[in-house]
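As structure tokens, the structure follows; a few thoughts come after it.
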Amino acid sequence: MAFDEKTEGFNVVGTRPDRPDGIDKVTGRASYGADASKAGMLHGAILRSPHAHAVIKSINLDKALALKGVKGVVTRADFAEGLTGENWNVLENVMAGEKALYDGHAVAAVAATSQLIARDALKLIEVDYEPIPHVTDVDKAMQPDAPVIREGQASKAVPAGMHPNVVDYHESGHGDVEAGFAEADLVMERTFTTEATHQGYIEPHACLATLGGDGRGELWCCTQGHWNVQKICAALVGIEQSALRVTASEIGGGFGGKTAVFIEPVALALSRKTNRPVKIAMPRADVFKATGPTASTSMDVKIGLKKDGTMTAAWGEFRSQGGAFPGSPFSFTAMCAFAPYALENVKQIGYDVMTNRPKQAAYRAPGSPMAAFAVESLLDEMCNQMGLDPLEVRLKNASKQGTKASFGPTWDRIGLVECLEAAKEHSHYAAPVPEGAGRGISCGFWFNHGGETSVTLAMSEDGTAQLMLGTPDIGGSRASMAMMAAEELGIPYEHVRATVADTATLGYNEVSHGSRVTYASGLATIEAARDTVKKLCARAAAKWGIDEDAVVWRDGCAVPSGPNAGDFDPLPIGQICRKMGATGGPIVGHYEATPEGAGVSFAVHIVDATVDRETGATSVDRYTVIQDAGKAIHPDYVEGQYQGGAAQGIGWALNEEYIYGEDGRLQNAGFLDYRIPVASDLPMIDTVIVEVPNPGHPYGVRGVGETSICPPLAAIANAVSNAAGVRMKDLPMRPSRILDALDG
Amino acid sequence: MIQVSTTINGDEHQFVCDPRETLLDVLRDRLGLTGAKEGCGTGDCGACTVEIGGRPVCSCLMLGAEAEGKEITTVEGIADGEDLHPLQVNFIKHAALQCGICTPGILVATKALLEENPNPTETEVRYWLAGNLCRCTGYDKIIRAVMETAAEMRENA
Ligand code: FES
Ligand code: FES
């Protein structure tokens, strides 16, 4: 596929118009997952295991069913049988079979006439559990004596002799790392750990389901990808995909956590059982216990550095647990680790490990932030020891176009050097480190993604356009898409109405993940608009009686391509559309593809932090994000992604963690004890948008959503370590840990 | 069931509710006012914030029955007809929302702040909003929108 490269001369792209859903969202009109209701609707509630690992010997529903207002109960027996692969994993996670695999694992669900009755009924369900030994720590789960979560899950890649909890293995790299280490003036190896964190979207999962005995259903839910929901739910409740129409509600945050299904199949099963619409809104404690979180990791990294700052070799082993199922982002952790650097000798190994924790879900650049934490922390320590400038060392070793990446490919046009140069020139880096503070920098890398995409653009008779997208708008993407359509059509941004279509009205679209929306849906929008323009030009050509090739599109009008084409006045879009019924019928453009040119992106973060030596508390005093966007369509929302990723990273670095007790139960399933950053915790977050165009997008767009969470863990750890004078190697750097390190 | 009379966004409302139902449940499930959101149900996120007697309150921490005789403002009642409140205008203009789920609570809370303190410092705004979680924005653009609104409202006062 050939793409043009239009990086300048835009009318709409690069401006900052109001988002089309703005008024709905500031007036309370926007309808999110839990905001829909239907006549005769029941409320669903889910009973969850209080044990980390237990055999479910029996479930007695009699008393619950006898409660007035209870209309139905479902257990595993109410779902499809004979599933395999990931469908089986998802079903097993959504409703336990023979064993409860973690604290919070669903075992039964009730539908009742009110939420209060449904929750009362849960207390009447009698489950006979036989608790068995559990393990929640990644390193312990790999030990020979660790309890086995489930036999026979390991992929062929896993080396022989490993514990059955090790279910997958990754190895990549090139060169000879031992020879590389031998060339270095300093070789250092360190071990780092990170705890699991939750995506922490403020909107709990919620859905409203209707499913009849004929196998036809409707589902409304907050999701990052409704076709994916359709596909999985259809399999889990045993109906045909097209029989289930899924509508994506407005979505109150996802960050990867709403790419998976949790309650939707349960609501469908309850609806089928009761023959009534069923709504489920997850309580926040359940969100913590049974959705998300990200993986926790334990990592060994080793780097060789010459006196002049050249990295001679790098090696890493990354152990990652993703809960009681295969699927932690272990290979991404390994692949992202050394991606920023041009290395002749590099090797990375990853292990995917099962534990008695909830099934992990994607979280913004899954796996990458942890890797950056380990690698960039070690690099900082080595620079300190050798008296090297950490930014210069990164610049010296930075990956660029033509570099063979640590995990295999050769880089196309990338913007890491430009980001590092921008960091060097930034007033933040130029300013002296304030008295008592520490400064940290870090690079970060994310792949970005394309994926299946389908967009339709239909002209209205008044010359305005309706743009149908299939990627839920998670942070302003309808604005960006409308801008790109307006740019191509040459009409005002306000004349494009962008809508997220349901599964029955548009072709398949992959989930809004992988920072793919502005790239892939954007590309498809541009192509759909160009398809529309072609059809508009054809109508003008027919009217003028000239060749279609002799008509071009300029500023929202069809015009003859030159003096030889004929002498006709420009024909505005409104005039063409007004007559479309009589000149050939509706004018609709569309585009369907799986674009594969998502350009990778890099970022550099700079942090100043101070540490209170009495309390161990960290204050983030100044923060700067520098990231390559390729091309910023709507700069406000690009900056927003940069700031949001940084804030989540600050939480991950300093406060957020899943805390498990000896009993394997989650001890902090609420926002009070799982503390995400609040307004008073943070400074303003300065942003610099670097634009190194992505050759794989017509305007040069790269995804921006995820890379912003890759550098903060390390950047803050470096700032804190430099402020405290001790190296922090375990996240989060909660006050008690900092005090221990200072006492150390 | 308890019978309750109350005023919401200037309109009189009567409803019956279970003694255990929260004001948030009543607003959303019985009155169809779904602007206030449930992010936690335990007073930790502020998404359910409504204004009662000039003070921001977590409606998930108050019982529906306690609304008897109260004057309540929700996000649905902030605009004056088609005229948006300056905070609403500036939240859109400054891109102070991404997903927008925290926005109703933050708007209600900041409106109460500006009524009490028309000239807050950045730090005051940050502490006032410390009970309103936003996971998307990093708060930067929210704080800017609030400061800008405060300045504008002072000018127009
Ligand atoms: S829902 Fe009331 S504070 Fe979170
Ligand atoms: S905009 Fe999403 S939580 Fe604030």
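In the structure tokens, the first chain shown is A, the next is B, and so on; residue numbers restart at 1 for each chain, and ligands run from 1 in the order shown.
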
With a distance threshold of 8 Å and counting only C-alpha atoms, extract the residues of chain A near chain B and express them as a count of residues only.
50

Report, in Å with one decimal, the straight-line distance from CA of Gly440 in chain A to CA of Met733 in chain A.
14.4 Å

Find the spatial neighbours of range 546-552 of chain A, counting only C-alpha atoms, within a cut-off of 10 Å - ignore same-chain residues fewer than 4 positions away - and output them as a PyMOL selection string.
chain A and resi 533-542+557-566+570

One-decimal distance in Å that lies between CA of Phe602 in chain A and CA of Phe445 in chain A:
4.6 Å

Near-Ala39 in chain A list (12 Å; only C-alpha atoms; drop same-chain fewer than 6 positions) as number ranges by chain:
A: 113, 208, 210, 276-279

Give me a file of those residues, with N, CA, C and O atoms, as a PDB file, in the first residue's frame.
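Generated file (again-v7.pdb):
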```
ATOM      1  N   THR A 113     -35.145  -7.997  41.017  1.00  0.00           N
ATOM      2  CA  THR A 113     -35.874  -6.790  40.630  1.00  0.00           C
ATOM      3  C   THR A 113     -35.206  -5.500  41.110  1.00  0.00           C
ATOM      4  O   THR A 113     -35.552  -4.421  40.645  1.00  0.00           O
ATOM      5  N   LEU A 208     -25.812  -3.650  29.868  1.00  0.00           N
ATOM      6  CA  LEU A 208     -27.240  -3.948  29.856  1.00  0.00           C
ATOM      7  C   LEU A 208     -27.463  -4.942  28.724  1.00  0.00           C
ATOM      8  O   LEU A 208     -27.185  -4.638  27.559  1.00  0.00           O
ATOM      9  N   THR A 210     -29.780  -8.084  26.722  1.00  0.00           N
ATOM     10  CA  THR A 210     -31.042  -8.764  26.433  1.00  0.00           C
ATOM     11  C   THR A 210     -30.717  -9.958  25.545  1.00  0.00           C
ATOM     12  O   THR A 210     -30.044  -9.801  24.536  1.00  0.00           O
ATOM     13  N   ARG A 276     -35.630 -11.442  30.626  1.00  0.00           N
ATOM     14  CA  ARG A 276     -35.776 -10.012  30.931  1.00  0.00           C
ATOM     15  C   ARG A 276     -34.440  -9.321  30.634  1.00  0.00           C
ATOM     16  O   ARG A 276     -33.396  -9.953  30.674  1.00  0.00           O
ATOM     17  N   PRO A 277     -34.470  -8.017  30.326  1.00  0.00           N
ATOM     18  CA  PRO A 277     -33.189  -7.299  30.221  1.00  0.00           C
ATOM     19  C   PRO A 277     -32.483  -7.301  31.581  1.00  0.00           C
ATOM     20  O   PRO A 277     -33.155  -7.184  32.617  1.00  0.00           O
ATOM     21  N   VAL A 278     -31.173  -7.445  31.580  1.00  0.00           N
ATOM     22  CA  VAL A 278     -30.424  -7.477  32.843  1.00  0.00           C
ATOM     23  C   VAL A 278     -29.267  -6.484  32.774  1.00  0.00           C
ATOM     24  O   VAL A 278     -28.489  -6.489  31.817  1.00  0.00           O
ATOM     25  N   LYS A 279     -29.195  -5.663  33.810  1.00  0.00           N
ATOM     26  CA  LYS A 279     -28.083  -4.707  33.906  1.00  0.00           C
ATOM     27  C   LYS A 279     -27.143  -5.150  35.008  1.00  0.00           C
ATOM     28  O   LYS A 279     -27.586  -5.546  36.079  1.00  0.00           O
TER      29      LYS A 279
END
```

Identify, with DSSP run on backbone atoms, the residues in range 81-146 of chain A assigned to alpha helix (DSSP H), and express the list as an MDAnalysis selection string.
chainID A and resid 85:94 115:122 138:141

For the residues selected in the previous step, produce a file with N, CA and C atoms as a PDB file, in the first residue's frame.
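New file selection-v9.pdb:
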```
ATOM      1  N   GLY A  85      -8.821 -23.003  24.128  1.00  0.00           N
ATOM      2  CA  GLY A  85      -7.941 -21.840  23.965  1.00  0.00           C
ATOM      3  C   GLY A  85      -8.374 -20.654  24.803  1.00  0.00           C
ATOM      4  N   GLU A  86      -8.219 -19.453  24.219  1.00  0.00           N
ATOM      5  CA  GLU A  86      -8.504 -18.237  24.977  1.00  0.00           C
ATOM      6  C   GLU A  86      -9.984 -18.120  25.332  1.00  0.00           C
ATOM      7  N   ASN A  87     -10.884 -18.658  24.497  1.00  0.00           N
ATOM      8  CA  ASN A  87     -12.307 -18.639  24.870  1.00  0.00           C
ATOM      9  C   ASN A  87     -12.532 -19.382  26.178  1.00  0.00           C
ATOM     10  N   TRP A  88     -11.856 -20.527  26.322  1.00  0.00           N
ATOM     11  CA  TRP A  88     -11.994 -21.272  27.582  1.00  0.00           C
ATOM     12  C   TRP A  88     -11.432 -20.449  28.741  1.00  0.00           C
ATOM     13  N   ASN A  89     -10.269 -19.845  28.520  1.00  0.00           N
ATOM     14  CA  ASN A  89      -9.666 -19.023  29.579  1.00  0.00           C
ATOM     15  C   ASN A  89     -10.613 -17.910  30.017  1.00  0.00           C
ATOM     16  N   VAL A  90     -11.202 -17.239  29.034  1.00  0.00           N
ATOM     17  CA  VAL A  90     -12.078 -16.108  29.376  1.00  0.00           C
ATOM     18  C   VAL A  90     -13.313 -16.619  30.122  1.00  0.00           C
ATOM     19  N   LEU A  91     -13.882 -17.715  29.655  1.00  0.00           N
ATOM     20  CA  LEU A  91     -15.054 -18.261  30.355  1.00  0.00           C
ATOM     21  C   LEU A  91     -14.681 -18.667  31.776  1.00  0.00           C
ATOM     22  N   GLU A  92     -13.562 -19.355  31.890  1.00  0.00           N
ATOM     23  CA  GLU A  92     -13.115 -19.800  33.220  1.00  0.00           C
ATOM     24  C   GLU A  92     -12.932 -18.588  34.144  1.00  0.00           C
ATOM     25  N   ASN A  93     -12.472 -17.470  33.576  1.00  0.00           N
ATOM     26  CA  ASN A  93     -12.269 -16.267  34.374  1.00  0.00           C
ATOM     27  C   ASN A  93     -13.593 -15.582  34.712  1.00  0.00           C
ATOM     28  N   VAL A  94     -14.504 -15.599  33.764  1.00  0.00           N
ATOM     29  CA  VAL A  94     -15.783 -14.915  33.926  1.00  0.00           C
ATOM     30  C   VAL A  94     -16.689 -15.680  34.907  1.00  0.00           C
ATOM     31  N   GLN A 115     -31.223  -3.832  42.744  1.00  0.00           N
ATOM     32  CA  GLN A 115     -29.836  -4.110  43.066  1.00  0.00           C
ATOM     33  C   GLN A 115     -29.699  -4.575  44.516  1.00  0.00           C
ATOM     34  N   LEU A 116     -30.494  -3.977  45.401  1.00  0.00           N
ATOM     35  CA  LEU A 116     -30.412  -4.364  46.813  1.00  0.00           C
ATOM     36  C   LEU A 116     -30.801  -5.829  46.990  1.00  0.00           C
ATOM     37  N   ILE A 117     -31.882  -6.236  46.306  1.00  0.00           N
ATOM     38  CA  ILE A 117     -32.315  -7.635  46.427  1.00  0.00           C
ATOM     39  C   ILE A 117     -31.264  -8.564  45.829  1.00  0.00           C
ATOM     40  N   ALA A 118     -30.710  -8.168  44.692  1.00  0.00           N
ATOM     41  CA  ALA A 118     -29.687  -9.017  44.063  1.00  0.00           C
ATOM     42  C   ALA A 118     -28.504  -9.209  45.004  1.00  0.00           C
ATOM     43  N   ARG A 119     -28.103  -8.143  45.651  1.00  0.00           N
ATOM     44  CA  ARG A 119     -26.946  -8.263  46.554  1.00  0.00           C
ATOM     45  C   ARG A 119     -27.311  -9.038  47.818  1.00  0.00           C
ATOM     46  N   ASP A 120     -28.555  -8.882  48.285  1.00  0.00           N
ATOM     47  CA  ASP A 120     -29.007  -9.704  49.427  1.00  0.00           C
ATOM     48  C   ASP A 120     -28.977 -11.178  49.060  1.00  0.00           C
ATOM     49  N   ALA A 121     -29.395 -11.459  47.838  1.00  0.00           N
ATOM     50  CA  ALA A 121     -29.488 -12.862  47.404  1.00  0.00           C
ATOM     51  C   ALA A 121     -28.118 -13.526  47.373  1.00  0.00           C
ATOM     52  N   LEU A 122     -27.076 -12.742  47.049  1.00  0.00           N
ATOM     53  CA  LEU A 122     -25.726 -13.333  46.998  1.00  0.00           C
ATOM     54  C   LEU A 122     -25.370 -13.965  48.343  1.00  0.00           C
ATOM     55  N   VAL A 138       5.439 -13.828  41.879  1.00  0.00           N
ATOM     56  CA  VAL A 138       5.948 -14.391  40.619  1.00  0.00           C
ATOM     57  C   VAL A 138       7.163 -15.295  40.836  1.00  0.00           C
ATOM     58  N   ASP A 139       8.101 -14.867  41.658  1.00  0.00           N
ATOM     59  CA  ASP A 139       9.298 -15.691  41.856  1.00  0.00           C
ATOM     60  C   ASP A 139       8.954 -16.982  42.591  1.00  0.00           C
ATOM     61  N   LYS A 140       8.090 -16.863  43.609  1.00  0.00           N
ATOM     62  CA  LYS A 140       7.713 -18.063  44.369  1.00  0.00           C
ATOM     63  C   LYS A 140       6.947 -19.049  43.498  1.00  0.00           C
ATOM     64  N   ALA A 141       6.158 -18.517  42.564  1.00  0.00           N
ATOM     65  CA  ALA A 141       5.348 -19.401  41.712  1.00  0.00           C
ATOM     66  C   ALA A 141       6.206 -20.239  40.772  1.00  0.00           C
TER      67      ALA A 141
END
```

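Neighbours of Ala593 in chain A closer than or equal to 9 Å, with only C-alpha atoms counted and sequence neighbours fewer than 3 positions away skipped, come out as A:Gly451, A:Glu452, A:Thr453, A:Ser454, A:Ala520, A:Ala524.
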
Expected file: the selected residues, all heavy atoms, as a PDB file, in the first residue's frame:
```
ATOM      1  N   GLY A 451      -4.174  -2.873  12.917  1.00  0.00           N
ATOM      2  CA  GLY A 451      -5.340  -3.710  13.209  1.00  0.00           C
ATOM      3  C   GLY A 451      -6.518  -3.454  12.290  1.00  0.00           C
ATOM      4  O   GLY A 451      -6.591  -2.454  11.569  1.00  0.00           O
ATOM      5  N   GLU A 452      -7.449  -4.427  12.320  1.00  0.00           N
ATOM      6  CA  GLU A 452      -8.611  -4.380  11.422  1.00  0.00           C
ATOM      7  C   GLU A 452      -9.440  -3.117  11.653  1.00  0.00           C
ATOM      8  O   GLU A 452      -9.778  -2.789  12.786  1.00  0.00           O
ATOM      9  CB  GLU A 452      -9.508  -5.589  11.667  1.00  0.00           C
ATOM     10  CG  GLU A 452      -8.940  -6.892  11.159  1.00  0.00           C
ATOM     11  CD  GLU A 452      -9.458  -8.057  11.958  1.00  0.00           C
ATOM     12  OE1 GLU A 452      -8.926  -8.311  13.045  1.00  0.00           O
ATOM     13  OE2 GLU A 452     -10.414  -8.690  11.497  1.00  0.00           O
ATOM     14  N   THR A 453      -9.768  -2.464  10.556  1.00  0.00           N
ATOM     15  CA  THR A 453     -10.427  -1.165  10.655  1.00  0.00           C
ATOM     16  C   THR A 453     -11.410  -0.994   9.507  1.00  0.00           C
ATOM     17  O   THR A 453     -11.138  -1.386   8.377  1.00  0.00           O
ATOM     18  CB  THR A 453      -9.377  -0.032  10.570  1.00  0.00           C
ATOM     19  OG1 THR A 453      -8.330  -0.321  11.497  1.00  0.00           O
ATOM     20  CG2 THR A 453      -9.986   1.304  10.918  1.00  0.00           C
ATOM     21  N   SER A 454     -12.529  -0.404   9.813  1.00  0.00           N
ATOM     22  CA  SER A 454     -13.572  -0.173   8.827  1.00  0.00           C
ATOM     23  C   SER A 454     -14.227   1.173   9.122  1.00  0.00           C
ATOM     24  O   SER A 454     -14.599   1.433  10.266  1.00  0.00           O
ATOM     25  CB  SER A 454     -14.590  -1.319   8.945  1.00  0.00           C
ATOM     26  OG  SER A 454     -15.750  -1.015   8.242  1.00  0.00           O
ATOM     27  N   ALA A 520      -4.981   4.135  12.816  1.00  0.00           N
ATOM     28  CA  ALA A 520      -5.696   3.232  11.896  1.00  0.00           C
ATOM     29  C   ALA A 520      -7.069   3.770  11.504  1.00  0.00           C
ATOM     30  O   ALA A 520      -7.409   3.837  10.317  1.00  0.00           O
ATOM     31  CB  ALA A 520      -5.826   1.846  12.520  1.00  0.00           C
ATOM     32  N   ALA A 524      -8.099   5.208   7.877  1.00  0.00           N
ATOM     33  CA  ALA A 524      -9.315   4.738   7.201  1.00  0.00           C
ATOM     34  C   ALA A 524     -10.273   5.898   6.938  1.00  0.00           C
ATOM     35  O   ALA A 524     -10.961   5.934   5.910  1.00  0.00           O
ATOM     36  CB  ALA A 524      -9.992   3.651   8.033  1.00  0.00           C
TER      37      ALA A 524
END
```

Go through B:Gln3, B:Thr22, B:Ala157, B:Ala112 and flag the residue nearest ligand 1, using only C-alpha atoms and all ligand atoms for the distances.
B:Thr22

Any idea what's packed within 7 Å of Leu23 in chain B, counting only C-alpha atoms, ignoring anything in its chain fewer than 6 positions away? Could you give it as an NGL selection string?
:B and (59-60 or 62-64)

Any chance you could export the current selection's C-alpha atoms as a PDB file, in the first residue's frame?
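Output file part_2.pdb follows:
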```pdb
ATOM      1  CA  SER B  59     -24.312  11.530  46.972  1.00  0.00           C
ATOM      2  CA  CYS B  60     -23.180   7.923  47.417  1.00  0.00           C
ATOM      3  CA  MET B  62     -26.026  10.108  51.725  1.00  0.00           C
ATOM      4  CA  LEU B  63     -29.275   8.202  51.939  1.00  0.00           C
ATOM      5  CA  GLY B  64     -32.116   9.029  49.623  1.00  0.00           C
TER       6      GLY B  64
END
```

Taking 3 positions as the minimum chain separation for residues in the same chain, which residues sit within 6 Å of range 159-176 of chain A when counting only C-alpha atoms? Answer as a ChimeraX atom specification.
/A:142,151,153-155,179,331,344-354,406-407

Resulting file, chosen residues, all heavy atoms, as a short mmCIF file (atom, residue, chain, number, x, y, z; two decimals), in the first residue's frame:
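As a result, selection-v3.cif now contains:
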```cif
data_model
loop_
_atom_site.label_atom_id
_atom_site.label_comp_id
_atom_site.auth_asym_id
_atom_site.auth_seq_id
_atom_site.Cartn_x
_atom_site.Cartn_y
_atom_site.Cartn_z
N MET A 142 7.48 -19.82 40.59
CA MET A 142 8.39 -20.58 39.70
C MET A 142 9.19 -21.62 40.47
O MET A 142 9.87 -22.44 39.87
CB MET A 142 9.36 -19.61 39.01
CG MET A 142 8.67 -18.64 38.05
SD MET A 142 9.82 -17.40 37.37
CE MET A 142 10.64 -18.34 36.08
N GLU A 151 -2.28 -27.75 35.47
CA GLU A 151 -1.30 -28.52 34.69
C GLU A 151 -1.54 -28.30 33.19
O GLU A 151 -2.64 -27.96 32.78
CB GLU A 151 -1.44 -30.02 34.99
CG GLU A 151 -1.01 -30.44 36.37
CD GLU A 151 0.51 -30.60 36.51
OE1 GLU A 151 1.24 -30.35 35.53
OE2 GLU A 151 0.94 -30.95 37.63
N GLN A 153 -0.56 -26.21 30.84
CA GLN A 153 -0.81 -24.92 30.20
C GLN A 153 0.40 -24.41 29.43
O GLN A 153 0.29 -23.47 28.66
CB GLN A 153 -1.20 -23.87 31.25
CG GLN A 153 -2.47 -24.21 32.00
CD GLN A 153 -3.67 -24.20 31.08
OE1 GLN A 153 -4.02 -23.20 30.48
NE2 GLN A 153 -4.31 -25.36 30.93
N ALA A 154 1.56 -25.02 29.66
CA ALA A 154 2.80 -24.46 29.11
C ALA A 154 2.86 -24.61 27.59
O ALA A 154 2.49 -25.64 27.04
CB ALA A 154 4.00 -25.16 29.74
N SER A 155 3.32 -23.56 26.94
CA SER A 155 3.52 -23.62 25.49
C SER A 155 4.80 -24.41 25.20
O SER A 155 5.62 -24.64 26.09
CB SER A 155 3.64 -22.22 24.90
OG SER A 155 4.97 -21.78 24.99
N ALA A 179 30.91 -11.51 24.92
CA ALA A 179 32.02 -10.77 24.31
C ALA A 179 31.83 -9.27 24.51
O ALA A 179 32.78 -8.53 24.78
CB ALA A 179 32.09 -11.09 22.82
N SER A 331 6.51 -11.06 26.94
CA SER A 331 7.35 -10.91 25.74
C SER A 331 7.49 -9.43 25.37
O SER A 331 8.54 -9.00 24.90
CB SER A 331 6.78 -11.71 24.57
OG SER A 331 5.46 -11.30 24.30
N GLU A 344 25.09 -3.76 19.71
CA GLU A 344 25.64 -4.84 18.89
C GLU A 344 25.41 -6.20 19.53
O GLU A 344 25.33 -7.22 18.86
CB GLU A 344 27.14 -4.61 18.67
CG GLU A 344 27.40 -3.72 17.48
CD GLU A 344 28.86 -3.38 17.32
OE1 GLU A 344 29.72 -4.23 17.66
OE2 GLU A 344 29.14 -2.25 16.87
N ASN A 345 25.35 -6.18 20.85
CA ASN A 345 25.20 -7.44 21.58
C ASN A 345 24.06 -7.30 22.58
O ASN A 345 24.16 -6.50 23.52
CB ASN A 345 26.50 -7.77 22.33
CG ASN A 345 27.70 -7.73 21.41
OD1 ASN A 345 27.80 -8.54 20.48
ND2 ASN A 345 28.58 -6.76 21.61
N VAL A 346 23.02 -8.03 22.37
CA VAL A 346 21.86 -7.88 23.25
C VAL A 346 21.08 -9.18 23.31
O VAL A 346 20.97 -9.90 22.31
CB VAL A 346 20.96 -6.70 22.78
CG1 VAL A 346 20.46 -6.91 21.36
CG2 VAL A 346 19.79 -6.47 23.72
N LYS A 347 20.57 -9.49 24.49
CA LYS A 347 19.76 -10.70 24.63
C LYS A 347 18.73 -10.45 25.72
O LYS A 347 19.05 -9.89 26.77
CB LYS A 347 20.65 -11.88 25.02
CG LYS A 347 19.87 -13.17 25.13
CD LYS A 347 20.79 -14.35 25.32
CE LYS A 347 19.99 -15.63 25.44
NZ LYS A 347 20.85 -16.80 25.61
N GLN A 348 17.49 -10.83 25.43
CA GLN A 348 16.46 -10.71 26.44
C GLN A 348 15.62 -11.98 26.50
O GLN A 348 15.34 -12.60 25.48
CB GLN A 348 15.57 -9.49 26.19
CG GLN A 348 15.02 -9.36 24.77
CD GLN A 348 15.81 -8.37 23.93
OE1 GLN A 348 16.34 -7.40 24.45
NE2 GLN A 348 15.93 -8.61 22.64
N ILE A 349 15.29 -12.33 27.73
CA ILE A 349 14.54 -13.55 28.00
C ILE A 349 13.31 -13.17 28.81
O ILE A 349 13.39 -12.31 29.69
CB ILE A 349 15.42 -14.53 28.82
CG1 ILE A 349 16.58 -15.02 27.96
CG2 ILE A 349 14.61 -15.70 29.35
CD1 ILE A 349 17.68 -15.67 28.77
N GLY A 350 12.19 -13.79 28.50
CA GLY A 350 10.98 -13.50 29.28
C GLY A 350 10.27 -14.78 29.68
O GLY A 350 10.29 -15.77 28.94
N TYR A 351 9.66 -14.76 30.87
CA TYR A 351 8.87 -15.88 31.36
C TYR A 351 7.46 -15.42 31.69
O TYR A 351 7.28 -14.40 32.36
CB TYR A 351 9.48 -16.47 32.63
CG TYR A 351 10.82 -17.14 32.41
CD1 TYR A 351 12.00 -16.46 32.74
CD2 TYR A 351 10.91 -18.42 31.90
CE1 TYR A 351 13.23 -17.06 32.54
CE2 TYR A 351 12.14 -19.03 31.70
CZ TYR A 351 13.30 -18.34 32.03
OH TYR A 351 14.52 -18.92 31.82
N ASP A 352 6.48 -16.18 31.24
CA ASP A 352 5.08 -15.92 31.60
C ASP A 352 4.69 -16.91 32.69
O ASP A 352 4.81 -18.12 32.49
CB ASP A 352 4.20 -16.14 30.35
CG ASP A 352 2.74 -15.79 30.59
OD1 ASP A 352 2.45 -15.14 31.62
OD2 ASP A 352 1.89 -16.16 29.75
N VAL A 353 4.25 -16.39 33.83
CA VAL A 353 4.05 -17.23 35.01
C VAL A 353 2.62 -17.08 35.52
O VAL A 353 2.09 -15.96 35.55
CB VAL A 353 5.06 -16.83 36.12
CG1 VAL A 353 4.91 -17.74 37.33
CG2 VAL A 353 6.49 -16.85 35.59
N MET A 354 2.01 -18.19 35.93
CA MET A 354 0.66 -18.13 36.51
C MET A 354 0.74 -18.11 38.04
O MET A 354 1.59 -18.75 38.64
CB MET A 354 -0.17 -19.34 36.07
CG MET A 354 -0.40 -19.40 34.56
SD MET A 354 -1.86 -20.36 34.10
CE MET A 354 -1.49 -21.96 34.76
N SER A 406 16.73 -4.20 19.12
CA SER A 406 17.13 -5.25 20.07
C SER A 406 16.35 -6.54 19.86
O SER A 406 16.84 -7.62 20.13
CB SER A 406 16.93 -4.74 21.49
OG SER A 406 15.59 -4.29 21.66
N PHE A 407 15.12 -6.43 19.36
CA PHE A 407 14.29 -7.64 19.20
C PHE A 407 14.12 -8.03 17.73
O PHE A 407 13.26 -8.84 17.40
CB PHE A 407 12.94 -7.48 19.88
CG PHE A 407 12.14 -6.29 19.40
CD1 PHE A 407 11.22 -6.42 18.37
CD2 PHE A 407 12.30 -5.04 19.97
CE1 PHE A 407 10.48 -5.33 17.93
CE2 PHE A 407 11.57 -3.94 19.54
CZ PHE A 407 10.66 -4.09 18.51
#
```

Which value, in Å to one decimal, gives the distance between CA of Ala243 in chain A and CA of Cys221 in chain A?
16.4 Å

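Here the strand (DSSP E or B) residues in range 431-494 of chain A, by DSSP on the backbone, are Gly438, Arg439, Gly440, Ile441, Ser442, Cys443, Gly444, Phe445, Trp446, Thr453, Ser454, Val455, Thr456, Leu457, Ala458, Met459, Ala465, Gln466, Leu467, Met468 and Leu469 of chain A.
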